[in-house]
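Participant: The following block contains the structure, expressed as structure tokens.
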Amino acid sequence: MPLTYVWSDVTTLATQYVHGIPISSIRALALDMTSSAMWRFRPWRWTIQNISPQVTLVDGTQDYSAPTNIYRLTRARIIRTDTTPNEIRPPLRIVEQLEPNVSPSQSIYGITAISLDYPTGMLRLDSPPNIPSGTTAVIDGDFQTNPTKITDAIINAGAQTIWFPDQYVDVCIEGYVYWLYKLSDDPRAGGIVTEPNTGAQTFSGQLAAFMSALQSMAVAEDYGNAQPLQFPEEPFGVSRFQLDPYRI
């Protein structure tokens, strides 16, 4: 899974599609918006890191410091570390929001959910844990990091490789061309029509080409993956196009 393309390769390859459009002042913005749209489309496996070091649970404490570069949680579980071997608990449900819980703490066996609390930037359990003397436990899991902002300096340097494998550079080109059209008020950009009753979406123009390429990328990455990633508030089996009409 090689990663050899740099961002200037994308701008060069896309030039043939945008004849007549002055792009020097908008290329960095268009490329950054393309990268961001691809990044948030799903937590791609090469954008995921382990929570390291693991987060030690403290008796009666509901909120814990999150990794500094976290964008969203993708997996979390509690591991009891005072046993041999370690006792690995089932995965916690990742939910969008949990309220502060002032009720008495409960056993780690009764904790079932976790959230990334955006106002505080903390990891929040659904209840403060009760950690008896002699018991130790940690939060283990994975998270998607934040993307790097693409700037003119990065493009001109030609040194930073793109964050996705080479076989998906065409997806980035389709998105880059879309944002060039969009930022230039070019009708070739296309748009979205959302069906009010079902939420189903229809795309047109260059946006349709970009969304089709993104969906193909997701399908390719799903092949052979028996353990789907969990998205907060996104039930499995529901098209993401129906969930967030403003994702792009």
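Going by the structure tokens order, chains are called A, B, ..., each with residues numbered from 1, while ligands are numbered from 1 in the order shown.
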What's around A:Thr148 at 9 Å? Count only C-alpha atoms, leave out sequence neighbours fewer than 5 positions away in its own chain, and write the answer as a list in words.

Facilitator: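 Once the nearby chain positions are removed, what remains is Asp32, Ser35 and Ser36 of chain A.
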
Participant: The selected residues should be written to file as a PDB file, in the first residue's frame (atoms: C-alpha atoms).

Facilitator:
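The file below, again-v9.pdb, is the result:
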```
ATOM      1  CA  ASP A  32      -7.471  21.362   1.770  1.00  0.00           C
ATOM      2  CA  SER A  35      -8.573  16.426   1.808  1.00  0.00           C
ATOM      3  CA  SER A  36     -10.934  17.314   4.659  1.00  0.00           C
TER       4      SER A  36
END
```

Participant: Wanna dump the stretch 18-63 of chain A-stretch 74-92 of chain A contacts at 9 Å for me, each residue with its shortest atom pair and the distance in Å to one decimal, counting only C-alpha atoms, ordered by chain and number, as a Markdown table?

Facilitator:
```
| residue | atom | partner | partner_atom | distance |
| --- | --- | --- | --- | --- |
| A:Pro43 | CA | A:Thr74 | CA | 7.3 |
| A:Ile48 | CA | A:Thr74 | CA | 8.0 |
| A:Ile51 | CA | A:Ala76 | CA | 8.9 |
| A:Leu57 | CA | A:Ile78 | CA | 8.9 |
```

Participant: Pull the closest atom pair for each residue of stretch 14-107 of chain A that gets at most 8 Å from stretch 182-198 of chain A, along with the distance in Å to one decimal, counting only C-alpha atoms, ordering rows by chain and then ascending residue number, as JSON lines.

Facilitator:
```
{"residue": "A:Ile21", "atom": "CA", "partner": "A:Ser184", "partner_atom": "CA", "distance": 7.4}
{"residue": "A:Ile26", "atom": "CA", "partner": "A:Leu183", "partner_atom": "CA", "distance": 7.4}
{"residue": "A:Ala30", "atom": "CA", "partner": "A:Leu183", "partner_atom": "CA", "distance": 7.5}
```

Participant: Please compute the atom CA of A:Trp7-atom CA of A:Trp44 distance, one decimal, in Å.

Facilitator: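 Result for atom CA of A:Trp7 versus atom CA of A:Trp44: 18.7 Å, one decimal.
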
Participant: I need the strand (DSSP E) residues of stretch 31-220 of chain A per DSSP on the backbone, written as a ChimeraX atom specification.

Facilitator: /A:48-50,55-56,63-65,70-80,87-88,93-94,106-107,113-117,122-125,129-130,137-145,192-194,201-203

Participant: Mind dumping the selected residues with C-alpha atoms as a PDB file, in the first residue's frame?

Facilitator:
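After the write, part-v8.pdb holds the following:
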```pdb
ATOM      1  CA  ILE A  48      -6.329   5.568  12.956  1.00  0.00           C
ATOM      2  CA  GLN A  49      -3.987   5.410  15.956  1.00  0.00           C
ATOM      3  CA  ASN A  50      -4.074   3.528  19.230  1.00  0.00           C
ATOM      4  CA  VAL A  55      -5.973   5.900  30.069  1.00  0.00           C
ATOM      5  CA  THR A  56      -5.920   4.758  33.690  1.00  0.00           C
ATOM      6  CA  ASP A  63     -14.000  12.409  32.568  1.00  0.00           C
ATOM      7  CA  TYR A  64     -10.478  11.667  31.280  1.00  0.00           C
ATOM      8  CA  SER A  65      -7.974  13.457  29.062  1.00  0.00           C
ATOM      9  CA  ILE A  70      -8.088  13.147  18.308  1.00  0.00           C
ATOM     10  CA  TYR A  71     -10.797  13.840  15.730  1.00  0.00           C
ATOM     11  CA  ARG A  72     -13.196  11.040  16.696  1.00  0.00           C
ATOM     12  CA  LEU A  73     -13.190   7.777  18.586  1.00  0.00           C
ATOM     13  CA  THR A  74     -13.434   4.591  16.543  1.00  0.00           C
ATOM     14  CA  ARG A  75     -13.138   1.907  19.231  1.00  0.00           C
ATOM     15  CA  ALA A  76     -12.997   1.850  23.037  1.00  0.00           C
ATOM     16  CA  ARG A  77     -13.057  -0.773  25.766  1.00  0.00           C
ATOM     17  CA  ILE A  78     -12.119  -1.194  29.411  1.00  0.00           C
ATOM     18  CA  ILE A  79      -9.304  -3.578  30.327  1.00  0.00           C
ATOM     19  CA  ARG A  80      -8.784  -4.738  33.868  1.00  0.00           C
ATOM     20  CA  GLU A  87      -9.503  -9.056  31.577  1.00  0.00           C
ATOM     21  CA  ILE A  88     -10.692  -7.413  28.364  1.00  0.00           C
ATOM     22  CA  ARG A  93     -20.776   1.982  22.749  1.00  0.00           C
ATOM     23  CA  ILE A  94     -19.456   5.200  21.255  1.00  0.00           C
ATOM     24  CA  GLN A 106     -20.622   1.798  39.612  1.00  0.00           C
ATOM     25  CA  SER A 107     -18.503  -1.229  38.844  1.00  0.00           C
ATOM     26  CA  ALA A 113     -20.757   3.734  26.820  1.00  0.00           C
ATOM     27  CA  ILE A 114     -18.200   6.457  26.164  1.00  0.00           C
ATOM     28  CA  SER A 115     -18.182   9.759  24.308  1.00  0.00           C
ATOM     29  CA  LEU A 116     -15.740  12.431  23.198  1.00  0.00           C
ATOM     30  CA  ASP A 117     -17.138  15.519  24.917  1.00  0.00           C
ATOM     31  CA  MET A 122     -12.450  14.932  27.411  1.00  0.00           C
ATOM     32  CA  LEU A 123     -13.367  11.261  27.186  1.00  0.00           C
ATOM     33  CA  ARG A 124     -16.522  10.739  29.239  1.00  0.00           C
ATOM     34  CA  LEU A 125     -17.834   7.423  30.537  1.00  0.00           C
ATOM     35  CA  PRO A 129     -16.236   3.895  37.833  1.00  0.00           C
ATOM     36  CA  ASN A 130     -15.924   2.280  41.229  1.00  0.00           C
ATOM     37  CA  ALA A 137      -8.237  -0.736  34.874  1.00  0.00           C
ATOM     38  CA  VAL A 138      -7.612   1.310  31.742  1.00  0.00           C
ATOM     39  CA  ILE A 139      -9.446   2.660  28.719  1.00  0.00           C
ATOM     40  CA  ASP A 140      -8.007   1.085  25.565  1.00  0.00           C
ATOM     41  CA  GLY A 141      -8.991   1.821  21.987  1.00  0.00           C
ATOM     42  CA  ASP A 142      -8.379   3.620  18.723  1.00  0.00           C
ATOM     43  CA  PHE A 143      -9.141   7.043  17.311  1.00  0.00           C
ATOM     44  CA  GLN A 144      -8.972   8.924  14.050  1.00  0.00           C
ATOM     45  CA  THR A 145      -6.495  11.773  14.170  1.00  0.00           C
ATOM     46  CA  ILE A 192     -27.053  18.118  -4.373  1.00  0.00           C
ATOM     47  CA  VAL A 193     -30.787  17.499  -4.443  1.00  0.00           C
ATOM     48  CA  THR A 194     -32.185  15.894  -1.263  1.00  0.00           C
ATOM     49  CA  GLN A 201     -29.559  12.431  -2.301  1.00  0.00           C
ATOM     50  CA  THR A 202     -28.881  12.928  -5.993  1.00  0.00           C
ATOM     51  CA  PHE A 203     -25.633  14.512  -7.120  1.00  0.00           C
TER      52      PHE A 203
END
```

Participant: Residues at most 8 Å from stretch 172-178 of chain A, counting only C-alpha atoms, excluding those fewer than 2 positions away in the same chain, as a list in words?

Facilitator: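 Answer for this query is Val10, Thr11, Leu13, Ala14, Tyr17, Val18, Ala30, Leu31, Thr34, Ser35, Met38, Tyr168, Val169, Asp170, Leu180, Tyr181, Lys182, Ala189, Gln206, Leu207, Ala209, Phe210 and Ala213 of chain A.
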
Participant: Filtering to N, CA and C atoms, could you give me those residues as a PDB file, in the first residue's frame?

Facilitator:
```pdb
ATOM      1  N   VAL A  10      -1.122  16.208  -7.349  1.00  0.00           N
ATOM      2  CA  VAL A  10      -2.567  16.336  -7.550  1.00  0.00           C
ATOM      3  C   VAL A  10      -2.875  17.612  -8.331  1.00  0.00           C
ATOM      4  N   THR A  11      -2.273  18.728  -7.934  1.00  0.00           N
ATOM      5  CA  THR A  11      -2.543  19.991  -8.623  1.00  0.00           C
ATOM      6  C   THR A  11      -2.080  19.928 -10.076  1.00  0.00           C
ATOM      7  N   LEU A  13      -1.762  17.109 -12.002  1.00  0.00           N
ATOM      8  CA  LEU A  13      -2.590  16.178 -12.752  1.00  0.00           C
ATOM      9  C   LEU A  13      -3.969  16.756 -13.059  1.00  0.00           C
ATOM     10  N   ALA A  14      -4.453  17.626 -12.173  1.00  0.00           N
ATOM     11  CA  ALA A  14      -5.798  18.176 -12.351  1.00  0.00           C
ATOM     12  C   ALA A  14      -5.832  19.374 -13.288  1.00  0.00           C
ATOM     13  N   TYR A  17      -8.061  19.615 -16.436  1.00  0.00           N
ATOM     14  CA  TYR A  17      -9.514  19.683 -16.321  1.00  0.00           C
ATOM     15  C   TYR A  17     -10.028  21.108 -16.117  1.00  0.00           C
ATOM     16  N   VAL A  18      -9.153  22.033 -15.824  1.00  0.00           N
ATOM     17  CA  VAL A  18      -9.613  23.361 -15.401  1.00  0.00           C
ATOM     18  C   VAL A  18      -8.997  24.462 -16.254  1.00  0.00           C
ATOM     19  N   ALA A  30      -8.834  24.782  -2.129  1.00  0.00           N
ATOM     20  CA  ALA A  30      -9.547  23.695  -2.804  1.00  0.00           C
ATOM     21  C   ALA A  30      -8.969  22.339  -2.414  1.00  0.00           C
ATOM     22  N   LEU A  31      -7.646  22.252  -2.330  1.00  0.00           N
ATOM     23  CA  LEU A  31      -7.013  20.981  -1.987  1.00  0.00           C
ATOM     24  C   LEU A  31      -7.251  20.632  -0.521  1.00  0.00           C
ATOM     25  N   THR A  34     -10.793  19.402  -0.186  1.00  0.00           N
ATOM     26  CA  THR A  34     -10.888  18.045  -0.722  1.00  0.00           C
ATOM     27  C   THR A  34     -10.353  17.037   0.280  1.00  0.00           C
ATOM     28  N   SER A  35      -9.175  17.317   0.816  1.00  0.00           N
ATOM     29  CA  SER A  35      -8.573  16.426   1.808  1.00  0.00           C
ATOM     30  C   SER A  35      -9.479  16.268   3.021  1.00  0.00           C
ATOM     31  N   MET A  38     -12.562  14.070   2.211  1.00  0.00           N
ATOM     32  CA  MET A  38     -12.183  12.657   2.166  1.00  0.00           C
ATOM     33  C   MET A  38     -11.931  12.125   3.573  1.00  0.00           C
ATOM     34  N   TYR A 168      -5.709   5.675  -4.656  1.00  0.00           N
ATOM     35  CA  TYR A 168      -6.871   6.536  -4.482  1.00  0.00           C
ATOM     36  C   TYR A 168      -6.594   7.983  -4.869  1.00  0.00           C
ATOM     37  N   VAL A 169      -5.505   8.225  -5.563  1.00  0.00           N
ATOM     38  CA  VAL A 169      -5.208   9.610  -5.943  1.00  0.00           C
ATOM     39  C   VAL A 169      -6.259  10.153  -6.903  1.00  0.00           C
ATOM     40  N   ASP A 170      -6.896   9.272  -7.683  1.00  0.00           N
ATOM     41  CA  ASP A 170      -7.935   9.740  -8.600  1.00  0.00           C
ATOM     42  C   ASP A 170      -9.133  10.311  -7.841  1.00  0.00           C
ATOM     43  N   LEU A 180     -12.372  23.386  -7.163  1.00  0.00           N
ATOM     44  CA  LEU A 180     -11.940  24.473  -8.044  1.00  0.00           C
ATOM     45  C   LEU A 180     -13.142  25.064  -8.775  1.00  0.00           C
ATOM     46  N   TYR A 181     -13.990  24.184  -9.308  1.00  0.00           N
ATOM     47  CA  TYR A 181     -15.211  24.658  -9.963  1.00  0.00           C
ATOM     48  C   TYR A 181     -16.097  25.416  -8.970  1.00  0.00           C
ATOM     49  N   LYS A 182     -16.285  24.839  -7.788  1.00  0.00           N
ATOM     50  CA  LYS A 182     -17.175  25.423  -6.785  1.00  0.00           C
ATOM     51  C   LYS A 182     -16.687  26.810  -6.360  1.00  0.00           C
ATOM     52  N   ALA A 189     -19.508  22.509 -11.461  1.00  0.00           N
ATOM     53  CA  ALA A 189     -19.364  21.938 -10.120  1.00  0.00           C
ATOM     54  C   ALA A 189     -20.526  21.004  -9.794  1.00  0.00           C
ATOM     55  N   GLN A 206     -19.616  17.714 -11.431  1.00  0.00           N
ATOM     56  CA  GLN A 206     -18.368  17.196 -10.902  1.00  0.00           C
ATOM     57  C   GLN A 206     -18.525  16.643  -9.491  1.00  0.00           C
ATOM     58  N   LEU A 207     -19.465  17.177  -8.741  1.00  0.00           N
ATOM     59  CA  LEU A 207     -19.711  16.635  -7.403  1.00  0.00           C
ATOM     60  C   LEU A 207     -20.139  15.180  -7.482  1.00  0.00           C
ATOM     61  N   ALA A 209     -19.196  13.018  -9.719  1.00  0.00           N
ATOM     62  CA  ALA A 209     -18.002  12.231  -9.991  1.00  0.00           C
ATOM     63  C   ALA A 209     -17.183  12.019  -8.713  1.00  0.00           C
ATOM     64  N   PHE A 210     -17.078  13.071  -7.903  1.00  0.00           N
ATOM     65  CA  PHE A 210     -16.325  12.983  -6.653  1.00  0.00           C
ATOM     66  C   PHE A 210     -16.997  12.023  -5.675  1.00  0.00           C
ATOM     67  N   ALA A 213     -16.588   8.438  -6.712  1.00  0.00           N
ATOM     68  CA  ALA A 213     -15.232   7.957  -6.455  1.00  0.00           C
ATOM     69  C   ALA A 213     -15.022   7.689  -4.968  1.00  0.00           C
TER      70      ALA A 213
END
```

Participant: Measuring between only C-alpha atoms, which one of A:Phe41, A:Trp46, A:Tyr109, A:Tyr5 shows the shortest distance to A:Gln167?

Facilitator: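 Among the listed residues, A:Tyr5 lies closest to A:Gln167.
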
Participant: Please, what distance in Å, to one decimal, runs between atom CA of A:Asp59 and atom CA of A:Pro128?

Facilitator: 7.2 Å

Participant: Between A:Ile155, A:Val171, A:Ile162, A:Ile108, single out the one closest to A:Arg27, counting only C-alpha atoms.

Facilitator: A:Ile155

Participant: What are the DSSP alpha helix (DSSP H) residues of stretch 28-201 of chain A, as a PyMOL selection string?

Facilitator: chain A and resi 28-41+152-157+169-183
